[in-house]
Structure formats: C-alpha cells, structure tokens
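Data from input_25.cif: mmCIF, C-alpha atoms
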data_model
loop_
_atom_site.label_atom_id
_atom_site.label_comp_id
_atom_site.auth_asym_id
_atom_site.auth_seq_id
_atom_site.Cartn_x
_atom_site.Cartn_y
_atom_site.Cartn_z
CA MET A 221 2.88 -3.77 14.16
CA ALA A 222 0.18 -6.20 15.06
CA LYS A 223 0.54 -9.92 14.49
CA GLU A 224 -2.53 -11.43 12.88
CA ILE A 225 -3.11 -15.04 13.89
CA GLU A 226 -6.35 -16.48 12.65
CA ARG A 227 -8.12 -19.70 11.78
CA LYS A 228 -10.72 -19.95 9.08
CA PHE A 229 -13.61 -22.39 8.55
CA LEU A 230 -16.35 -22.96 6.03
CA VAL A 231 -19.91 -22.35 7.23
CA SER A 232 -23.12 -23.93 5.98
CA GLY A 233 -26.76 -23.20 6.76
CA ASP A 234 -27.73 -19.98 8.50
CA GLN A 235 -28.35 -21.03 12.10
CA TRP A 236 -25.26 -18.96 13.05
CA LYS A 237 -26.91 -15.73 11.99
CA GLY A 238 -29.42 -15.24 14.82
CA ASP A 239 -30.30 -11.55 14.97
CA SER A 240 -26.79 -10.25 14.36
CA LYS A 241 -26.55 -7.28 12.05
CA PRO A 242 -24.48 -7.33 8.85
CA ILE A 243 -21.77 -4.76 8.26
CA HIS A 244 -21.43 -4.17 4.54
CA THR A 245 -17.81 -4.46 3.49
CA CYS A 246 -16.01 -3.69 0.21
CA GLN A 247 -12.36 -4.46 -0.11
CA GLY A 248 -9.85 -4.51 -2.89
CA TYR A 249 -6.14 -5.01 -3.37
CA LEU A 250 -3.65 -2.43 -4.58
CA ALA A 251 -0.89 -4.98 -4.53
CA SER A 252 -0.46 -8.65 -3.83
CA GLY A 253 2.08 -11.38 -4.21
CA GLY A 254 5.72 -11.01 -3.25
CA ASP A 255 6.28 -10.05 0.33
CA CYS A 256 3.06 -8.24 1.13
CA THR A 257 -0.49 -7.34 0.21
CA VAL A 258 -1.94 -3.84 0.35
CA ARG A 259 -5.69 -3.73 0.97
CA VAL A 260 -8.26 -0.93 0.87
CA ARG A 261 -11.42 -1.65 2.85
CA ILE A 262 -14.66 0.23 3.44
CA GLN A 263 -16.57 -1.29 6.34
CA GLY A 264 -19.83 0.40 7.26
CA GLU A 265 -18.92 4.07 7.81
CA ASN A 266 -15.17 3.54 8.08
CA ALA A 267 -12.29 2.95 5.74
CA PHE A 268 -8.85 1.44 6.23
CA LEU A 269 -5.60 0.87 4.42
CA THR A 270 -3.96 -2.37 5.52
CA ILE A 271 -0.52 -3.79 4.81
CA LYS A 272 -0.08 -7.50 5.49
CA GLY A 273 3.19 -9.40 5.38
CA LYS A 274 3.76 -12.96 4.28
CA THR A 275 1.71 -15.68 5.91
CA GLU A 276 3.75 -18.07 8.06
CA GLY A 277 1.60 -20.91 9.41
CA VAL A 278 -1.56 -19.06 10.49
CA SER A 279 0.30 -15.81 11.40
CA ARG A 280 1.22 -12.67 9.50
CA ASP A 281 2.37 -9.12 10.25
CA GLU A 282 -0.33 -6.51 9.87
CA TYR A 283 -0.35 -2.70 9.80
CA GLU A 284 -3.71 -0.94 9.59
CA TYR A 285 -4.51 2.77 9.22
CA GLY A 286 -7.82 4.60 9.11
CA ILE A 287 -8.25 6.70 5.96
CA PRO A 288 -11.03 8.95 4.59
CA VAL A 289 -13.90 6.94 3.04
CA VAL A 290 -13.77 9.12 -0.08
CA ASP A 291 -10.12 8.16 -0.65
CA ALA A 292 -11.00 4.48 -0.25
CA GLU A 293 -13.88 4.79 -2.72
CA GLU A 294 -11.59 6.41 -5.29
CA MET A 295 -8.85 3.83 -4.80
CA LEU A 296 -11.30 0.91 -5.08
CA ALA A 297 -12.69 2.40 -8.30
CA ALA A 298 -9.42 3.41 -9.95
CA LEU A 299 -6.52 1.42 -8.50
CA ALA A 300 -7.73 -1.86 -6.97
CA LYS A 301 -7.70 -5.15 -8.84
CA LYS A 302 -11.15 -6.04 -10.18
CA PRO A 303 -13.55 -7.41 -9.24
CA TYR A 304 -13.08 -6.19 -5.69
CA ILE A 305 -14.70 -8.15 -2.87
CA GLU A 306 -18.13 -7.34 -1.49
CA LYS A 307 -19.46 -9.17 1.55
CA ASN A 308 -21.59 -8.83 4.63
CA ARG A 309 -19.64 -9.32 7.81
CA TYR A 310 -21.28 -10.47 11.06
CA LYS A 311 -19.63 -10.47 14.48
CA ILE A 312 -20.79 -13.41 16.57
CA THR A 313 -19.67 -14.37 20.06
CA TYR A 314 -19.35 -18.08 20.77
CA ALA A 315 -17.87 -19.60 23.93
CA GLY A 316 -16.27 -16.28 24.84
CA MET A 317 -14.56 -15.83 21.47
CA GLU A 318 -15.52 -13.33 18.80
CA TRP A 319 -16.09 -14.91 15.41
CA GLU A 320 -16.36 -12.97 12.18
CA VAL A 321 -18.63 -14.57 9.62
CA ASP A 322 -18.30 -13.30 6.06
CA GLU A 323 -21.21 -13.88 3.72
CA PHE A 324 -19.77 -13.11 0.29
CA LEU A 325 -21.75 -11.27 -2.38
CA LYS A 326 -21.62 -10.76 -6.15
CA GLU A 327 -18.87 -12.83 -7.82
CA ASN A 328 -18.36 -14.81 -4.60
CA GLU A 329 -22.00 -15.35 -3.64
CA GLY A 330 -22.69 -18.69 -1.97
CA LEU A 331 -19.46 -18.68 0.01
CA VAL A 332 -19.71 -18.21 3.78
CA VAL A 333 -16.55 -18.29 5.88
CA ALA A 334 -15.97 -17.89 9.64
CA GLU A 335 -12.73 -16.56 11.11
CA VAL A 336 -11.51 -16.38 14.67
CA GLU A 337 -8.49 -14.35 15.74
CA LEU A 338 -6.12 -15.94 18.25
CA GLU A 339 -3.60 -14.65 20.79
CA SER A 340 -1.12 -17.38 19.90
CA GLU A 341 -0.85 -20.13 17.32
CA SER A 342 -1.29 -22.80 19.98
CA GLN A 343 -4.43 -21.31 21.54
CA GLN A 344 -7.29 -23.82 21.85
CA VAL A 345 -10.64 -22.77 20.43
CA GLU A 346 -14.05 -24.24 21.06
CA LEU A 347 -15.62 -24.60 17.63
CA PRO A 348 -19.25 -23.56 17.11
CA PRO A 349 -21.55 -26.29 15.74
CA TRP A 350 -22.12 -24.31 12.53
CA VAL A 351 -18.52 -24.39 11.33
CA GLY A 352 -17.37 -27.17 9.03
CA GLU A 353 -14.09 -27.85 7.27
CA GLU A 354 -11.09 -25.80 8.34
CA VAL A 355 -9.57 -23.86 5.41
CA SER A 356 -6.88 -21.84 7.23
CA HIS A 357 -4.21 -23.19 4.93
CA ASP A 358 -6.22 -23.23 1.69
CA VAL A 359 -5.05 -20.21 -0.27
CA ARG A 360 -8.14 -20.27 -2.50
CA TYR A 361 -10.19 -18.88 0.38
CA ARG A 362 -8.01 -15.85 0.97
CA ASN A 363 -9.83 -12.69 0.02
CA VAL A 364 -7.03 -11.69 -2.30
CA SER A 365 -7.38 -15.05 -4.10
CA LEU A 366 -11.14 -14.54 -4.38
CA THR A 367 -10.44 -11.33 -6.29
CA PHE A 368 -8.49 -13.21 -8.95
CA HIS A 369 -10.48 -16.46 -8.85
CA PRO A 370 -14.00 -15.70 -7.63
CA TYR A 371 -15.99 -18.53 -6.04
CA SER A 372 -18.59 -18.38 -8.83
CA GLU A 373 -15.92 -19.61 -11.26
CA TRP A 374 -14.71 -22.55 -9.21
CA LYS A 375 -17.34 -24.99 -10.38
CA LYS A 376 -17.00 -24.30 -14.08
CA MET B 71 -7.00 12.70 -3.51
CA ALA B 72 -4.26 15.03 -4.53
CA LYS B 73 -3.02 15.27 -8.09
CA GLU B 74 0.76 15.27 -8.29
CA ILE B 75 2.08 17.25 -11.27
CA GLU B 76 5.82 17.61 -11.31
CA ARG B 77 8.79 18.21 -13.56
CA LYS B 78 12.19 16.74 -12.90
CA PHE B 79 15.69 17.85 -13.96
CA LEU B 80 19.24 16.69 -13.52
CA VAL B 81 21.51 18.88 -11.36
CA SER B 82 25.26 19.28 -11.56
CA GLY B 83 27.73 21.08 -9.33
CA ASP B 84 26.69 22.26 -5.88
CA GLN B 85 26.06 25.97 -6.31
CA TRP B 86 22.36 25.23 -5.68
CA LYS B 87 23.03 24.10 -2.13
CA GLY B 88 23.80 27.44 -0.43
CA ASP B 89 23.16 27.01 3.30
CA SER B 90 20.03 24.89 2.97
CA LYS B 91 19.73 22.01 5.40
CA PRO B 92 19.39 18.40 4.26
CA ILE B 93 16.45 16.29 5.40
CA HIS B 94 17.52 12.66 5.52
CA THR B 95 15.04 10.50 3.67
CA CYS B 96 14.64 6.73 3.38
CA GLN B 97 11.98 5.31 1.13
CA GLY B 98 11.04 1.91 -0.15
CA TYR B 99 8.33 0.31 -2.21
CA LEU B 100 5.85 -2.30 -0.99
CA ALA B 101 4.42 -2.63 -4.45
CA SER B 102 5.05 -1.28 -7.89
CA GLY B 103 4.02 -1.85 -11.45
CA GLY B 104 0.47 -2.36 -12.60
CA ASP B 105 -1.86 0.47 -11.67
CA CYS B 106 -0.12 1.90 -8.62
CA THR B 107 2.91 2.10 -6.40
CA VAL B 108 2.85 1.90 -2.60
CA ARG B 109 5.70 3.76 -0.91
CA VAL B 110 6.91 3.91 2.70
CA ARG B 111 8.98 7.00 3.50
CA ILE B 112 10.78 8.23 6.61
CA GLN B 113 11.70 11.88 6.25
CA GLY B 114 13.45 13.47 9.21
CA GLU B 115 11.16 12.76 12.20
CA ASN B 116 8.10 11.80 10.17
CA ALA B 117 6.87 8.79 8.26
CA PHE B 118 4.33 8.40 5.49
CA LEU B 119 2.56 5.75 3.48
CA THR B 120 1.86 6.95 -0.05
CA ILE B 121 -0.21 5.43 -2.83
CA LYS B 122 0.43 6.77 -6.32
CA GLY B 123 -1.59 5.96 -9.40
CA LYS B 124 -0.38 5.62 -12.96
CA THR B 125 1.60 8.47 -14.45
CA GLU B 126 -0.15 10.25 -17.31
CA GLY B 127 2.05 12.91 -18.87
CA VAL B 128 3.60 14.58 -15.80
CA SER B 129 0.52 13.96 -13.56
CA ARG B 130 -0.55 11.17 -11.24
CA ASP B 131 -3.05 10.59 -8.45
CA GLU B 132 -1.53 10.57 -4.99
CA TYR B 133 -2.82 9.63 -1.54
CA GLU B 134 -0.54 10.19 1.45
CA TYR B 135 -1.03 9.27 5.12
CA GLY B 136 1.14 9.89 8.16
CA ILE B 137 2.08 6.67 9.99
CA PRO B 138 4.21 5.89 13.08
CA VAL B 139 7.95 5.97 12.34
CA VAL B 140 8.39 2.59 14.04
CA ASP B 141 5.91 1.02 11.59
CA ALA B 142 7.76 2.56 8.66
CA GLU B 143 11.10 1.27 9.96
CA GLU B 144 9.69 -2.25 10.26
CA MET B 145 8.10 -2.15 6.82
CA LEU B 146 11.30 -0.85 5.19
CA ALA B 147 13.28 -3.63 6.87
CA ALA B 148 10.87 -6.50 6.29
CA LEU B 149 8.55 -5.74 3.39
CA ALA B 150 10.08 -3.15 1.04
CA LYS B 151 11.97 -4.09 -2.09
CA LYS B 152 15.74 -3.87 -1.57
CA PRO B 153 17.85 -1.83 -1.73
CA TYR B 154 15.53 0.93 -0.56
CA ILE B 155 16.38 4.51 -1.44
CA GLU B 156 18.41 6.79 0.82
CA LYS B 157 18.88 10.45 -0.05
CA ASN B 158 19.25 13.92 1.38
CA ARG B 159 16.46 16.23 0.35
CA TYR B 160 16.88 20.01 0.23
CA LYS B 161 14.06 22.52 -0.19
CA ILE B 162 15.19 25.52 -2.22
CA THR B 163 13.13 28.52 -3.29
CA TYR B 164 13.87 29.95 -6.73
CA ALA B 165 11.85 32.65 -8.48
CA GLY B 166 8.97 32.11 -6.06
CA MET B 167 8.77 28.33 -6.64
CA GLU B 168 9.82 25.66 -4.17
CA TRP B 169 12.26 23.16 -5.63
CA GLU B 170 13.16 19.88 -3.99
CA VAL B 171 16.68 18.74 -4.70
CA ASP B 172 17.47 15.09 -3.94
CA GLU B 173 21.08 14.15 -3.42
CA PHE B 174 21.04 10.35 -3.60
CA LEU B 175 23.18 8.20 -1.29
CA LYS B 176 24.49 4.62 -1.18
CA GLU B 177 23.60 2.62 -4.32
CA ASN B 178 22.52 5.83 -6.08
CA GLU B 179 25.35 8.11 -4.98
CA GLY B 180 26.39 10.66 -7.59
CA LEU B 181 22.87 11.30 -8.79
CA VAL B 182 21.32 14.70 -7.96
CA VAL B 183 17.82 15.50 -9.19
CA ALA B 184 15.63 18.59 -8.79
CA GLU B 185 11.83 18.48 -8.84
CA VAL B 186 9.26 21.21 -8.92
CA GLU B 187 5.58 20.64 -8.26
CA LEU B 188 3.09 22.48 -10.49
CA GLU B 189 -0.52 23.58 -10.18
CA SER B 190 -1.28 22.55 -13.75
CA GLU B 191 0.54 20.77 -16.56
CA SER B 192 0.73 23.97 -18.61
CA GLN B 193 2.19 26.14 -15.82
CA GLN B 194 5.32 28.03 -16.89
CA VAL B 195 8.36 27.66 -14.63
CA GLU B 196 11.48 29.79 -14.49
CA LEU B 197 14.36 27.32 -14.43
CA PRO B 198 17.24 27.87 -12.00
CA PRO B 199 20.70 28.10 -13.62
CA TRP B 200 21.83 24.94 -11.83
CA VAL B 201 19.34 22.57 -13.49
CA GLY B 202 20.31 20.73 -16.65
CA GLU B 203 18.54 18.16 -18.77
CA GLU B 204 14.85 17.57 -18.09
CA VAL B 205 14.12 13.94 -17.19
CA SER B 206 10.41 14.17 -16.34
CA HIS B 207 9.59 11.44 -18.85
CA ASP B 208 12.64 9.25 -18.30
CA VAL B 209 11.42 6.34 -16.18
CA ARG B 210 14.97 5.42 -15.13
CA TYR B 211 15.00 8.42 -12.78
CA ARG B 212 11.86 7.47 -10.91
CA ASN B 213 12.69 6.50 -7.36
CA VAL B 214 10.96 3.17 -7.79
CA SER B 215 13.18 2.47 -10.83
CA LEU B 216 16.27 3.43 -8.82
CA THR B 217 15.35 0.68 -6.34
CA PHE B 218 15.50 -1.97 -9.05
CA HIS B 219 18.26 -0.41 -11.18
CA PRO B 220 20.43 1.76 -8.93
CA TYR B 221 22.41 4.58 -10.53
CA SER B 222 25.72 2.93 -9.52
CA GLU B 223 24.92 0.08 -11.93
CA TRP B 224 24.07 2.22 -14.95
CA LYS B 225 27.63 2.70 -16.10
CA LYS B 226 28.63 -0.93 -15.91
#
Represent the structure from my file as structure tokens, please.
Amino acid sequence: MAKEIERKFLVSGDQWKGDSKPIHTCQGYLASGGDCTVRVRIQGENAFLTIKGKTEGVSRDEYEYGIPVVDAEEMLAALAKKPYIEKNRYKITYAGMEWEVDEFLKENEGLVVAEVELESESQQVELPPWVGEEVSHDVRYRNVSLTFHPYSEWKK
Amino acid sequence: MAKEIERKFLVSGDQWKGDSKPIHTCQGYLASGGDCTVRVRIQGENAFLTIKGKTEGVSRDEYEYGIPVVDAEEMLAALAKKPYIEKNRYKITYAGMEWEVDEFLKENEGLVVAEVELESESQQVELPPWVGEEVSHDVRYRNVSLTFHPYSEWKK
C-alpha cells in the first residue's frame, strides 16, 4: 500500500504551462462513497486500476495496478459513472517539487487545478506564483465529485 | 474482457468430496450494486482483484487481475464490506466438466454450492448426482449477497 498525501490548489492564467507537454487522461469511477473509490484511468499509452481509501486530513491509502488499455476502455464505456473525466495533465517542476497541473476538458472545461504530492502531512512546500486558493479540503474539486457535479454546472 | 457464464446449484451430503483438496478462499467486496461489483479475493497463495459487470441471464462481463497478497489482506481488513466471505473451494471434474464446489465457513456455514462455467448460455451440462436445486437466478446465493445477508441469518 502507498499512502497518498497531497495538497491541491486552483490555478489561473497559463504562465505555468511553459513548453511542458500535456498527457491526455481519461478517468472514471466504478465505485465511490463508503470506504473507498475504485478508479479506472487511461493516461497516454497506459492504463491503471486504482483503489483509494477514505481521506483523512490530506492523506489516503492507495493501491494502483497497471491493466491493459483495452480493458480500461471497455470499463470506462460500460461500467464507469458518466460523464467520466477528461483532462490534460502536465508535470511541472517548481523549487525541486513535481507539480501536476490538470487542465480539465469537456464537462469540466475552465477548471485548472495543481496538485503536489508530499512525503508527510507536515512537509513544507514552496508555492509557485501561479497557484491561488488552496482547495485540498474542498470535496467539490475531487475528481470523483466532478463526475457527479461537473464544473460547467456549478454556475447555473 | 472475459465473459463469465455460469450455472449454480445447491449441494447436499458430502459424497461429492472424494479426496479432493480444499483451497481456502477469503473474498470481500469493495463496491457492489449499480453497474458493477469490485471483489478482492485471496485463494490459497494467490490474490486477485476482480471487476464484474451486471448479470444478464447467467452471463456477466469479468475483468480479473493478480495483485500482491499483502495488498489483498490490507484491503479485506480495511476497505471490504464486513463480514467478508470465507469458504473452502474444491475443484471436481464430472463428465468432462470442471465443477467448483464452495463449502462456506463462518457466517455462512452450512451452505454448499456448486458452480459450473459454460462456453455459451445454451451449452448442455450433465448434472452430477450430488447437485440439487438450481439457484443460478436466486440473488440470495451470490457471494456479494452473502456478505450482506449471511446464510446463518436466513432462518431467523
């Protein structure tokens, strides 16, 4: 088991992008709520099945397994909650830390979120100038929430 | 994706057992209901994560992946619905077909069920003398149902 500890921030503008390359990502949820979520993700040429436990603070248990892309495509089409998430993911290094910036597409277009993974909950992080409000504890910004309540519907 | 097509029967007595060896099996559910179930199983020395789609007739889509036993142990303890299923599984050949006989333990003790996997829904099967009533369509006998409504509670 890995322990996932991450902080999440909103991003505005596009000065963060530089010349980093997007990795197209589709992900959907086979299960959510209760004690765990089960996610299917296709990222570039690879696919994964991921089990995540309950969030406690900014930590949660995580188990991830590589699976055939064709299986992931079938599961996204037939079994995942709709609409599943599509986004471009960018990996950006800032002050020695790797940030993942997700530029959401389709039903969540307009939303850009940056995440950084930590070794411990108390680890200090130097924030890049392009991150804004921290939303680590705002459940609306979880990908699983964005499946049920896409960003495009928030303003209605 | 594999397609799982199986028929299920109740078993009484123990003449079926012969000298076949039991494989101890623990399995629990990370998710159920809706469009799919997500199962963690430890069987003998091996562990698997299995996604099953909706049952249609006696068929359902199935995706199965080997995972580390230690991951499965942790997921059964922390994430699976309780009580998870414990049973001894026996593989028995009859008339050229492989039957799996599950002798349930703990909360489901007393229940013995035989399953046979088919190539097609219309395939004819020669039934062994030790199988009784067919329960392929009785949802109470699904393992996931036995987690929520164990056999020991049926008679109360």
Exercise. Distance atom CA of B:Lys78-atom CA of B:Lys225, one decimal place?
Worked result: 21.1 Å
Selection in question (the file shown): the PyMOL selection byres ((chain A) within 10 of (chain B)). Which residues does it include, as a PDB file with C-alpha atoms, in the frame of the given file?
ATOM      1  CA  MET A 221       2.880  -3.770  14.160  1.00  0.00           C
ATOM      2  CA  ALA A 222       0.180  -6.200  15.060  1.00  0.00           C
ATOM      3  CA  LEU A 250      -3.650  -2.430  -4.580  1.00  0.00           C
ATOM      4  CA  ALA A 251      -0.890  -4.980  -4.530  1.00  0.00           C
ATOM      5  CA  SER A 252      -0.460  -8.650  -3.830  1.00  0.00           C
ATOM      6  CA  GLY A 253       2.080 -11.380  -4.210  1.00  0.00           C
ATOM      7  CA  GLY A 254       5.720 -11.010  -3.250  1.00  0.00           C
ATOM      8  CA  ASP A 255       6.280 -10.050   0.330  1.00  0.00           C
ATOM      9  CA  CYS A 256       3.060  -8.240   1.130  1.00  0.00           C
ATOM     10  CA  THR A 257      -0.490  -7.340   0.210  1.00  0.00           C
ATOM     11  CA  VAL A 258      -1.940  -3.840   0.350  1.00  0.00           C
ATOM     12  CA  LEU A 269      -5.600   0.870   4.420  1.00  0.00           C
ATOM     13  CA  ILE A 271      -0.520  -3.790   4.810  1.00  0.00           C
ATOM     14  CA  LYS A 272      -0.080  -7.500   5.490  1.00  0.00           C
ATOM     15  CA  GLY A 273       3.190  -9.400   5.380  1.00  0.00           C
ATOM     16  CA  LYS A 274       3.760 -12.960   4.280  1.00  0.00           C
ATOM     17  CA  ASP A 281       2.370  -9.120  10.250  1.00  0.00           C
ATOM     18  CA  GLU A 282      -0.330  -6.510   9.870  1.00  0.00           C
ATOM     19  CA  TYR A 283      -0.350  -2.700   9.800  1.00  0.00           C
ATOM     20  CA  GLU A 284      -3.710  -0.940   9.590  1.00  0.00           C
ATOM     21  CA  TYR A 285      -4.510   2.770   9.220  1.00  0.00           C
ATOM     22  CA  GLY A 286      -7.820   4.600   9.110  1.00  0.00           C
ATOM     23  CA  ILE A 287      -8.250   6.700   5.960  1.00  0.00           C
ATOM     24  CA  PRO A 288     -11.030   8.950   4.590  1.00  0.00           C
ATOM     25  CA  VAL A 290     -13.770   9.120  -0.080  1.00  0.00           C
ATOM     26  CA  ASP A 291     -10.120   8.160  -0.650  1.00  0.00           C
ATOM     27  CA  ALA A 292     -11.000   4.480  -0.250  1.00  0.00           C
ATOM     28  CA  GLU A 294     -11.590   6.410  -5.290  1.00  0.00           C
ATOM     29  CA  MET A 295      -8.850   3.830  -4.800  1.00  0.00           C
ATOM     30  CA  ALA A 298      -9.420   3.410  -9.950  1.00  0.00           C
ATOM     31  CA  LEU A 299      -6.520   1.420  -8.500  1.00  0.00           C
ATOM     32  CA  ALA A 300      -7.730  -1.860  -6.970  1.00  0.00           C
ATOM     33  CA  LYS A 301      -7.700  -5.150  -8.840  1.00  0.00           C
TER      34      LYS A 301
END
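Here the PyMOL selection byres ((chain B and resi 152-168) around 6) captures the residues Pro92, Ile93, His94, Thr95, Cys96, Gln97, Gly98, Lys151, Trp169, Glu170, Val171, Asp172, Glu173, Phe174, Leu175 and Thr217 of chain B.
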Using only C-alpha atoms, please write the residues we just selected to a file, as a PDB file, in the coordinates of the input.
ATOM      1  CA  PRO B  92      19.390  18.400   4.260  1.00  0.00           C
ATOM      2  CA  ILE B  93      16.450  16.290   5.400  1.00  0.00           C
ATOM      3  CA  HIS B  94      17.520  12.660   5.520  1.00  0.00           C
ATOM      4  CA  THR B  95      15.040  10.500   3.670  1.00  0.00           C
ATOM      5  CA  CYS B  96      14.640   6.730   3.380  1.00  0.00           C
ATOM      6  CA  GLN B  97      11.980   5.310   1.130  1.00  0.00           C
ATOM      7  CA  GLY B  98      11.040   1.910  -0.150  1.00  0.00           C
ATOM      8  CA  LYS B 151      11.970  -4.090  -2.090  1.00  0.00           C
ATOM      9  CA  TRP B 169      12.260  23.160  -5.630  1.00  0.00           C
ATOM     10  CA  GLU B 170      13.160  19.880  -3.990  1.00  0.00           C
ATOM     11  CA  VAL B 171      16.680  18.740  -4.700  1.00  0.00           C
ATOM     12  CA  ASP B 172      17.470  15.090  -3.940  1.00  0.00           C
ATOM     13  CA  GLU B 173      21.080  14.150  -3.420  1.00  0.00           C
ATOM     14  CA  PHE B 174      21.040  10.350  -3.600  1.00  0.00           C
ATOM     15  CA  LEU B 175      23.180   8.200  -1.290  1.00  0.00           C
ATOM     16  CA  THR B 217      15.350   0.680  -6.340  1.00  0.00           C
TER      17      THR B 217
END
Taking all atoms of stretch 162-180 of chain B that appear in the file, build a box with edges along x, y and z, extend it by 4 Å on every side, and state its centre and edge lengths in Å to one decimal, as JSON.
{"center_x": 17.6, "center_y": 17.6, "center_z": -4.8, "size_x": 25.6, "size_y": 38.0, "size_z": 15.3}
For this session: Given the file shown, enumerate the residues that the PyMOL selection byres ((chain A and resi 350-362) around 9) captures and present them as a list in words.
Result: Glu226, Arg227, Lys228, Phe229, Leu230, Val231, Ser232, Gly233, Asp234, Gln235, Trp236, Gly277, Val278, Val333, Ala334, Glu335, Leu347, Pro348, Pro349, Asn363, Val364, Ser365, Leu366, Thr367, His369 and Tyr371 of chain A
Save out the residues we just selected, C-alpha atoms, as a short mmCIF file (atom, residue, chain, number, x, y, z; two decimals), keeping the file's coordinate frame.
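The resulting file, result.cif, is reproduced below:
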data_model
loop_
_atom_site.label_atom_id
_atom_site.label_comp_id
_atom_site.auth_asym_id
_atom_site.auth_seq_id
_atom_site.Cartn_x
_atom_site.Cartn_y
_atom_site.Cartn_z
CA GLU A 226 -6.35 -16.48 12.65
CA ARG A 227 -8.12 -19.70 11.78
CA LYS A 228 -10.72 -19.95 9.08
CA PHE A 229 -13.61 -22.39 8.55
CA LEU A 230 -16.35 -22.96 6.03
CA VAL A 231 -19.91 -22.35 7.23
CA SER A 232 -23.12 -23.93 5.98
CA GLY A 233 -26.76 -23.20 6.76
CA ASP A 234 -27.73 -19.98 8.50
CA GLN A 235 -28.35 -21.03 12.10
CA TRP A 236 -25.26 -18.96 13.05
CA GLY A 277 1.60 -20.91 9.41
CA VAL A 278 -1.56 -19.06 10.49
CA VAL A 333 -16.55 -18.29 5.88
CA ALA A 334 -15.97 -17.89 9.64
CA GLU A 335 -12.73 -16.56 11.11
CA LEU A 347 -15.62 -24.60 17.63
CA PRO A 348 -19.25 -23.56 17.11
CA PRO A 349 -21.55 -26.29 15.74
CA ASN A 363 -9.83 -12.69 0.02
CA VAL A 364 -7.03 -11.69 -2.30
CA SER A 365 -7.38 -15.05 -4.10
CA LEU A 366 -11.14 -14.54 -4.38
CA THR A 367 -10.44 -11.33 -6.29
CA HIS A 369 -10.48 -16.46 -8.85
CA TYR A 371 -15.99 -18.53 -6.04
#
Exercise. Interatomic distance between atom CA of A:Val332 and atom CA of A:Arg261?
Worked result: 18.5 Å
For this session: Enter the distance from atom CA of B:Ala117 to atom CA of B:Tyr99, in Å, rounded to one decimal.
Result: 13.6 Å
Problem set entry | Option closest in space to A:Lys223, from A:Glu373, A:Glu276, A:Glu346, A:Glu293 [counting all atoms listed in the file] | A:Glu276
Problem set entry | Among the residues B:Ser222, B:Leu146, B:Glu74, B:Gln194, the one that comes closest to B:Lys176 [using only C-alpha atoms] |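 Nearest to B:Lys176: B:Ser222.
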For this session: Measuring atom to atom with all atoms listed in the file, identify which of B:Gly88, B:Ser129, B:Gly114, B:Val139 is nearest to B:Leu188.
Result: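 Of all the options, B:Ser129 lies closest to B:Leu188.
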For this session: Between A:Trp374, A:Ala297, A:Ser340, A:Lys241, single out the one closest to A:Arg280, counting all atoms listed in the file.
Result: A:Ser340
Fix up stretch 313-330 of chain A with N, CA and C atoms, then write it as a CSV table (one decimal), in the coordinates of the input.
chain,number,residue,atom,x,y,z
A,313,THR,N,-20.4,-13.8,18.9
A,313,THR,CA,-19.7,-14.4,20.1
A,313,THR,C,-20.1,-15.8,20.3
A,314,TYR,N,-19.1,-16.7,20.4
A,314,TYR,CA,-19.4,-18.1,20.8
A,314,TYR,C,-18.3,-18.5,21.8
A,315,ALA,N,-18.8,-19.1,22.9
A,315,ALA,CA,-17.9,-19.6,23.9
A,315,ALA,C,-16.8,-18.6,24.3
A,316,GLY,N,-17.2,-17.3,24.4
A,316,GLY,CA,-16.3,-16.3,24.8
A,316,GLY,C,-15.3,-15.8,23.8
A,317,MET,N,-15.4,-16.3,22.6
A,317,MET,CA,-14.6,-15.8,21.5
A,317,MET,C,-15.4,-15.1,20.5
A,318,GLU,N,-14.8,-14.0,19.9
A,318,GLU,CA,-15.5,-13.3,18.8
A,318,GLU,C,-15.2,-13.9,17.4
A,319,TRP,N,-16.2,-14.4,16.8
A,319,TRP,CA,-16.1,-14.9,15.4
A,319,TRP,C,-16.6,-13.9,14.4
A,320,GLU,N,-15.9,-13.8,13.3
A,320,GLU,CA,-16.4,-13.0,12.2
A,320,GLU,C,-16.8,-13.9,11.1
A,321,VAL,N,-18.1,-13.7,10.7
A,321,VAL,CA,-18.6,-14.6,9.6
A,321,VAL,C,-18.8,-13.7,8.4
A,322,ASP,N,-18.2,-14.1,7.3
A,322,ASP,CA,-18.3,-13.3,6.1
A,322,ASP,C,-19.2,-14.0,5.1
A,323,GLU,N,-20.3,-13.3,4.7
A,323,GLU,CA,-21.2,-13.9,3.7
A,323,GLU,C,-20.9,-13.1,2.4
A,324,PHE,N,-20.2,-13.8,1.5
A,324,PHE,CA,-19.8,-13.1,0.3
A,324,PHE,C,-20.9,-12.8,-0.7
A,325,LEU,N,-20.7,-11.7,-1.4
A,325,LEU,CA,-21.8,-11.3,-2.4
A,325,LEU,C,-21.2,-11.3,-3.8
A,326,LYS,N,-22.0,-10.9,-4.7
A,326,LYS,CA,-21.6,-10.8,-6.2
A,326,LYS,C,-20.8,-12.0,-6.7
A,327,GLU,N,-19.6,-11.8,-7.2
A,327,GLU,CA,-18.9,-12.8,-7.8
A,327,GLU,C,-18.6,-14.0,-6.9
A,328,ASN,N,-18.7,-13.8,-5.6
A,328,ASN,CA,-18.4,-14.8,-4.6
A,328,ASN,C,-19.6,-15.3,-3.8
A,329,GLU,N,-20.8,-15.0,-4.3
A,329,GLU,CA,-22.0,-15.4,-3.6
A,329,GLU,C,-22.1,-16.9,-3.4
A,330,GLY,N,-22.6,-17.3,-2.3
A,330,GLY,CA,-22.7,-18.7,-2.0
A,330,GLY,C,-21.6,-19.1,-1.0
